[in-house]
Amino acid sequence: MLSVQLDRKGNLLIARVAGIVPSGSEGNQTVAPARDQILRAIDGDPSLTSLLLDFSRLQYSFGDSVGSLWILPWQRRLAVVILATGATAAALRSLIALSIPVPLVSEEAEAIRLCESTQQRR
């Protein structure tokens, strides 16, 4: 199971996701509760304009279920930025290349800056 800590900074929702995503289709049932928690927060607050997915404590190597963590918020018209490092970031780059192109950065300050600049354009 993944843990999700939600924080709010203005119109930015920060979702700090931690844990291990099993590879392939086994990851589906692991990702679903985290995705649903994030979507409930988004759907409950129409003033949100962007989402920072902090995956700095997430272990991910392969599988497309993790993509629902940014694709569904993006479909709800939120700008999404992903924070990740190391092997998780490398694996995410491959998945992002096949899905919705969202920024992936390795430092929280840069991620917040990107989210805030997106908020100003809305």
# chains A, B, ... in the order shown; residues from 1 in each chain; ligands from 1

$ residues_around --residues "A:Ala84" --least-positions-apart "3" --cutoff "12 Å" --atoms "only C-alpha atoms" --output "NGL selection string"
:A and (16-18 or 52-60 or 81 or 87-93 or 103-108 or 110-111)

$ write_last_selection --atoms "C-alpha atoms" --output "PDB file, in the first residue's frame"
ATOM      1  CA  ARG A  16       3.655  13.233  -1.198  1.00  0.00           C
ATOM      2  CA  VAL A  17       3.407   9.611  -2.277  1.00  0.00           C
ATOM      3  CA  ALA A  18       5.598   7.012  -0.546  1.00  0.00           C
ATOM      4  CA  LEU A  52       2.782  18.521  -7.427  1.00  0.00           C
ATOM      5  CA  LEU A  53       3.283  14.764  -7.207  1.00  0.00           C
ATOM      6  CA  ASP A  54       6.225  14.254  -4.863  1.00  0.00           C
ATOM      7  CA  PHE A  55       7.556  10.783  -5.627  1.00  0.00           C
ATOM      8  CA  SER A  56      10.856  11.311  -3.796  1.00  0.00           C
ATOM      9  CA  ARG A  57       9.946   8.473  -1.397  1.00  0.00           C
ATOM     10  CA  LEU A  58       8.354   6.236  -4.048  1.00  0.00           C
ATOM     11  CA  GLN A  59       9.974   3.130  -5.480  1.00  0.00           C
ATOM     12  CA  TYR A  60       8.744   2.494  -9.025  1.00  0.00           C
ATOM     13  CA  VAL A  81       4.539  18.504 -12.048  1.00  0.00           C
ATOM     14  CA  ALA A  87      15.812   4.931 -10.627  1.00  0.00           C
ATOM     15  CA  THR A  88      12.217   6.039 -10.052  1.00  0.00           C
ATOM     16  CA  ALA A  89      12.761   9.171 -12.141  1.00  0.00           C
ATOM     17  CA  ALA A  90      14.398   7.154 -14.923  1.00  0.00           C
ATOM     18  CA  ALA A  91      11.504   4.689 -15.029  1.00  0.00           C
ATOM     19  CA  LEU A  92       8.946   7.511 -14.950  1.00  0.00           C
ATOM     20  CA  ARG A  93      10.610   9.257 -17.899  1.00  0.00           C
ATOM     21  CA  PRO A 103       7.417  18.063 -16.259  1.00  0.00           C
ATOM     22  CA  LEU A 104       9.601  15.792 -14.149  1.00  0.00           C
ATOM     23  CA  VAL A 105      12.131  17.528 -11.909  1.00  0.00           C
ATOM     24  CA  SER A 106      14.519  16.451  -9.166  1.00  0.00           C
ATOM     25  CA  GLU A 107      14.252  19.374  -6.726  1.00  0.00           C
ATOM     26  CA  GLU A 108      11.216  20.484  -4.757  1.00  0.00           C
ATOM     27  CA  GLU A 110      11.941  23.826  -8.940  1.00  0.00           C
ATOM     28  CA  ALA A 111       8.714  21.801  -8.832  1.00  0.00           C
TER      29      ALA A 111
END

$ residues_around --residues "A:Val80" --least-positions-apart "5" --cutoff "9 Å" --atoms "only C-alpha atoms" --output "list in words"
Thr49, Ser50, Leu51, Leu52, Leu53, Trp70, Ile71, Pro73, Trp74, Val102, Pro103 and Cys115 of chain A

$ write_last_selection --atoms "C-alpha atoms" --output "PDB file, in the first residue's frame"
ATOM      1  CA  THR A  49      -5.042  24.799 -10.406  1.00  0.00           C
ATOM      2  CA  SER A  50      -1.994  22.551 -10.081  1.00  0.00           C
ATOM      3  CA  LEU A  51      -0.742  19.331  -8.540  1.00  0.00           C
ATOM      4  CA  LEU A  52       2.782  18.521  -7.427  1.00  0.00           C
ATOM      5  CA  LEU A  53       3.283  14.764  -7.207  1.00  0.00           C
ATOM      6  CA  TRP A  70      -1.082  12.364 -13.209  1.00  0.00           C
ATOM      7  CA  ILE A  71      -3.316  11.542 -16.170  1.00  0.00           C
ATOM      8  CA  PRO A  73      -5.759  15.090 -12.525  1.00  0.00           C
ATOM      9  CA  TRP A  74      -4.546  16.428 -15.886  1.00  0.00           C
ATOM     10  CA  VAL A 102       4.291  16.439 -17.696  1.00  0.00           C
ATOM     11  CA  PRO A 103       7.417  18.063 -16.259  1.00  0.00           C
ATOM     12  CA  CYS A 115       3.507  24.924 -10.335  1.00  0.00           C
TER      13      CYS A 115
END

$ select_by_dssp --residues "chain A" --states "strand (DSSP E or B)" --output "JSON, numbers by chain"
{"A": [3, 4, 5, 6, 7, 8, 9, 12, 13, 14, 15, 16, 17, 18, 19, 20, 50, 51, 52, 53, 54, 55, 56, 57, 58, 59, 79, 80, 81, 82, 83, 104, 105]}

$ select_by_dssp --residues "chain A" --states "alpha helix (DSSP H)" --output "PyMOL selection string"
chain A and resi 28-43+68-75+86-98+108-121

$ closest_residue --among "A:Met1, A:Ile96, A:Ser65, A:Ala79" --to "A:Ser117" --atoms "only C-alpha atoms"
A:Ala79

$ residues_around --residues "A:Ala34" --least-positions-apart "5" --cutoff "9 Å" --atoms "only C-alpha atoms" --output "number ranges by chain"
A: 1-4, 17, 39, 69

$ closest_residue --among "A:Ser94, A:Thr85, A:Asp43, A:Arg113" --to "A:Gly67" --atoms "only C-alpha atoms"
A:Ser94

$ closest_residue --among "A:Thr118, A:Leu95, A:Gly24, A:Leu6" --to "A:Ile38" --atoms "only C-alpha atoms"
A:Leu6

$ residues_around --residues "A:Gly63" --least-positions-apart "5" --cutoff "7 Å" --atoms "only C-alpha atoms" --output "ChimeraX atom specification"
/A:23-25,27

$ write_last_selection --atoms "C-alpha atoms" --output "short mmCIF file (atom, residue, chain, number, x, y, z; two decimals), in the first residue's frame"
data_model
loop_
_atom_site.label_atom_id
_atom_site.label_comp_id
_atom_site.auth_asym_id
_atom_site.auth_seq_id
_atom_site.Cartn_x
_atom_site.Cartn_y
_atom_site.Cartn_z
CA SER A 23 5.87 -4.05 -11.31
CA GLY A 24 3.37 -4.54 -14.10
CA SER A 25 -0.32 -5.20 -13.47
CA GLY A 27 0.76 -2.31 -9.25
#
